Amino acid sequence: MIGRLLVPTLFLTAVFSLSACGGSSGDGQPATGDVAVVFTDGPTDQYQRILVSITGMTLIGSGGQVALYEGPEITFDLLEMSDWADLAFNTKVLAGRYNKIRLYVSKVELVDLVTEETVMLDKLLANGKIDLNPQGSFEVSPDYTTVIKLDMDAKRSFQVVETGNGKLQFRPIIFVDVFQGDIFLPDRLVRVFGTVEAGSIEVGDSTTDPTDNSFRLCDLEFVSQTDGPTVTDPSDCVRVYADGGPSVFDDTGSEVDFSAVTGDERMTAVGFIVDTDDAEAFVGLNSIVLELGDRQPGDAGGWATIQGVVTTVPIDCAGDTCFDFDPDESDPAVTTRMQAGTRVFRADGVELTQAEVDMNDGGSIDALPDIVPGTTEFYAALVVLSNDVESGIVKGVIDTVDTADDGATVRLNVTTDVGGSARVCVEGDTDIVNVLVNDDAVTIFDLIDPSVLAEGSMIEAFGEATSPPAGCDMVASQVILQPPIAMP
């Protein structure tokens with residue numbers, strides 16, 4: 001196992017031409033390694049859609065830089081990924097050690113949740129170029145796939161800048177995890193949509209064989225992409241493992257068994273990314289739900305991801321469990337049906353029971369809308385409940401830095417933006433990042449020394465406020481130092 005390299009920080013996109021450090025493959029050709037990019041998003045209760053357009057993504061090392069993607073704009077909806085992650089693309093790059101990720105964002109389009117008005121942000125800080133400088137470097141190797149997870153916090157990435165005109169400013173807050181070895185993304189469900197490769201289905205009768213009940217999913221598509229060219233290669237495949245007993249649903253929404261999986265069939269597989277020894281696949285997926293059939297956004301037919309709020313207490317309905325689900329908090333709620341195999345998870349990857357779905361829970365469902373002619377029902381294969389988006393947020397200026405009542409924990413005494421006060425405590429595993437903005441780039445530095453949290457610093461802190469230790473109002477999981485943003 002190579003293990004997990006955690007790199008918390010911020011992101012955007014751009015890409016240049018190939019050239020980087022690396023060894024030899026043994027046949028005289030430069031060695032290459034697979035890099036898979038996964039996008040995900042933190043929740044927001046303000047926007048209906050957040051369409052982000054990127055033109056490229058680059059890895060930078062001591063020997064130069066290599067392109068993960070470069071080409072026409074790719075546009076994707078961040079809010080399609082509020083409660084899970086999407087596998088965007090996989091590419092081979094020169095093996096070697098890298099210490100920076102650079103991206104370019106060309107524009108952002110926001111659709112308001114209530115008014116449905118659209119705001120286009122195309123004048124971006126540093127022309128949309130952001131350099132991400134992680135704590136330490138990571139290596140791309142021919143011996144394993146490197147998975148890069150880019151997690152944008154939609155709630156914190158869009159601010160009204162006080163310049164007299166009340167304009168929105170895009171200041172992207174994106175945290176990055178780099179996973180390598182045999183453990184990938186343990187805390188996030190990942191969606192993969194593609195075609196079951198004919199002849200790849202393996203069925204066994206022993207749970208000791210990792211190839212039991214598995215298949216390759218190829219010809220992959222980026223689920224949340226709304227515009228732009230196809231970014232995946234048809235030959236890129238994921239090995240989907242089903243020996244853990246995933247729930248399987250056919251294209252009518254009915255629960256079926258694994259024998260219904262056939263070659264050349266379109267499918268959405270949802271589960272957790274893992275390593276694989278399949279030489280024809282760049283990564284594996286331990287599946288928890290398999291959805292057979294096409295996938296279309298909205299009401300165009302096929303499986304869809306629908307966000308909203310549970311508006312009633314779940315009840316029995318002819319042997320299933322039903323609740324009303326309001327897709328956008330304004331339209332009439334829709335009856336949603338959970339069959340025996342419908343799985344329920346929290347957004348952080350913890351499995352729940354159907355009994356834990358309750359009124360006023362927010363989140364997403366993966367469902368077939370209107371599968372029964374003449375009715376309006378969602379047949380849900382998966383329910384993912386979001387964490388609370390309102391708790392544990394402090395923004396303001398540090399007045400003093402001292403220690404909490406235990407005499408050891410660093411405590412930040414903050415005057416908040418609304419004139420209040422808050423005692424924010426910082427522990428050893430708190431992620432601390434410093435955001436620097438200039439004309440060339442937005443640069444994010446991962447800092448591990450709490451001594452950088454000096455008096456007078458502007459901060460945003462995010463963490464747990466329900467049961468903090470004595471002398472603290474909140475224990476921070478993330479602290480972002482940010483200078484004032486000057487408008488052009």
# chains A, B, ... in the order shown; residues from 1 in each chain; ligands from 1
>>> residues_around(residues="Val384 (chain A)", least_positions_apart="6", cutoff="6 Å", atoms="only C-alpha atoms", output="VMD selection string")
chain A and resid 344 to 347 363 to 364
>>> residues_around(residues="Leu113 (chain A)", least_positions_apart="2", cutoff="7 Å", atoms="only C-alpha atoms", output="list in words")
Gln46, Tyr47, Gln48, Val111, Thr115 and Glu116 of chain A
>>> write_last_selection(atoms="C-alpha atoms", output="PDB file, in the first residue's frame")
ATOM      1  CA  GLN A  46     -28.265  29.568  -2.604  1.00  0.00           C
ATOM      2  CA  TYR A  47     -27.872  28.342  -6.184  1.00  0.00           C
ATOM      3  CA  GLN A  48     -29.825  25.994  -8.423  1.00  0.00           C
ATOM      4  CA  VAL A 111     -28.411  30.206 -11.461  1.00  0.00           C
ATOM      5  CA  THR A 115     -35.324  33.794  -8.682  1.00  0.00           C
ATOM      6  CA  GLU A 116     -33.761  31.498 -11.334  1.00  0.00           C
TER       7      GLU A 116
END
>>> atom_distance(atom1="CA of Ser467 (chain A)", atom2="CA of Val424 (chain A)")
12.7 Å
>>> closest_atom_pairs(of="region 19-104 of chain A", to="region 126-136 of chain A", cutoff="7 Å", atoms="only C-alpha atoms", output="Markdown table")
| residue | atom | partner | partner_atom | distance |
| --- | --- | --- | --- | --- |
| A:Asn99 | CA | A:Asn133 | CA | 6.6 |
| A:Lys100 | CA | A:Asn133 | CA | 5.0 |
| A:Ile101 | CA | A:Leu132 | CA | 5.1 |
| A:Arg102 | CA | A:Asp131 | CA | 4.7 |
| A:Leu103 | CA | A:Ile130 | CA | 5.7 |
| A:Tyr104 | CA | A:Lys129 | CA | 4.5 |
>>> atom_distance(atom1="CA of Gln225 (chain A)", atom2="CA of Asp366 (chain A)")
16.7 Å
>>> closest_residue(among="A:Thr40, A:Ser53, A:Thr415, A:Ser214", to="Lys149 (chain A)", atoms="only C-alpha atoms")
A:Thr40
>>> residues_around(residues="Ala408 (chain A)", least_positions_apart="5", cutoff="10 Å", atoms="only C-alpha atoms", output="list in words")
Asp402, Thr403 and Glu427 of chain A
>>> write_last_selection(atoms="N, CA and C atoms", output="compact mmCIF listing (two decimals), in the first residue's frame")
# COMPACT_ATOMS: atom_id res chain seq x y z
N ASP A 402 -4.05 32.77 22.02
CA ASP A 402 -3.59 32.24 23.30
C ASP A 402 -3.89 30.74 23.33
N THR A 403 -4.05 30.18 24.51
CA THR A 403 -4.36 28.76 24.63
C THR A 403 -5.69 28.59 25.34
N GLU A 427 -6.44 22.46 16.42
CA GLU A 427 -5.78 21.26 16.89
C GLU A 427 -4.72 20.80 15.89
>>> residues_around(residues="Val192 (chain A)", least_positions_apart="2", cutoff="8 Å", atoms="only C-alpha atoms", output="list in words")
Asp86, Leu87, Val190, Gly194, Leu220, Glu221, Phe222, Val223, Thr268, Ala269 and Val270 of chain A
>>> atom_distance(atom1="CA of Met57 (chain A)", atom2="CA of Ile480 (chain A)")
23.5 Å
>>> residues_around(residues="Asp361 (chain A)", least_positions_apart="2", cutoff="9 Å", atoms="only C-alpha atoms", output="VMD selection string")
chain A and resid 308 to 311 357 to 359 363 385 to 386
>>> select_by_dssp(residues="region 53-241 of chain A", states="helix (DSSP H, G or I)", output="NGL selection string")
:A and (78-81 or 125-128)
>>> residues_around(residues="Gly319 (chain A)", least_positions_apart="2", cutoff="10 Å", atoms="only C-alpha atoms", output="number ranges by chain")
A: 315-317, 321-322, 338-340
>>> write_last_selection(atoms="C-alpha atoms", output="PDB file, in the first residue's frame")
ATOM      1  CA  ILE A 315     -44.490   5.819   5.673  1.00  0.00           C
ATOM      2  CA  ASP A 316     -45.232   2.305   4.444  1.00  0.00           C
ATOM      3  CA  CYS A 317     -46.611   2.152   0.900  1.00  0.00           C
ATOM      4  CA  THR A 321     -41.200   3.026   2.159  1.00  0.00           C
ATOM      5  CA  CYS A 322     -42.344   6.356   0.723  1.00  0.00           C
ATOM      6  CA  MET A 338     -37.582   3.291  -1.444  1.00  0.00           C
ATOM      7  CA  GLN A 339     -37.604  -0.417  -2.265  1.00  0.00           C
ATOM      8  CA  ALA A 340     -35.994  -3.000   0.002  1.00  0.00           C
TER       9      ALA A 340
END
>>> select_by_dssp(residues="region 72-180 of chain A", states="strand (DSSP E)", output="NGL selection string")
:A and (72-77 or 85-94 or 96-112 or 118-121 or 129-133 or 138-140 or 146-153 or 158-160 or 168-170 or 174-180)
>>> closest_residue(among="A:Ser247, A:Thr312, A:Thr195, A:Thr226", to="Arg266 (chain A)", atoms="only C-alpha atoms")
A:Thr195
>>> residues_around(residues="Val452 (chain A)", least_positions_apart="6", cutoff="10 Å", atoms="only C-alpha atoms", output="ChimeraX atom specification")
/A:432-434,481
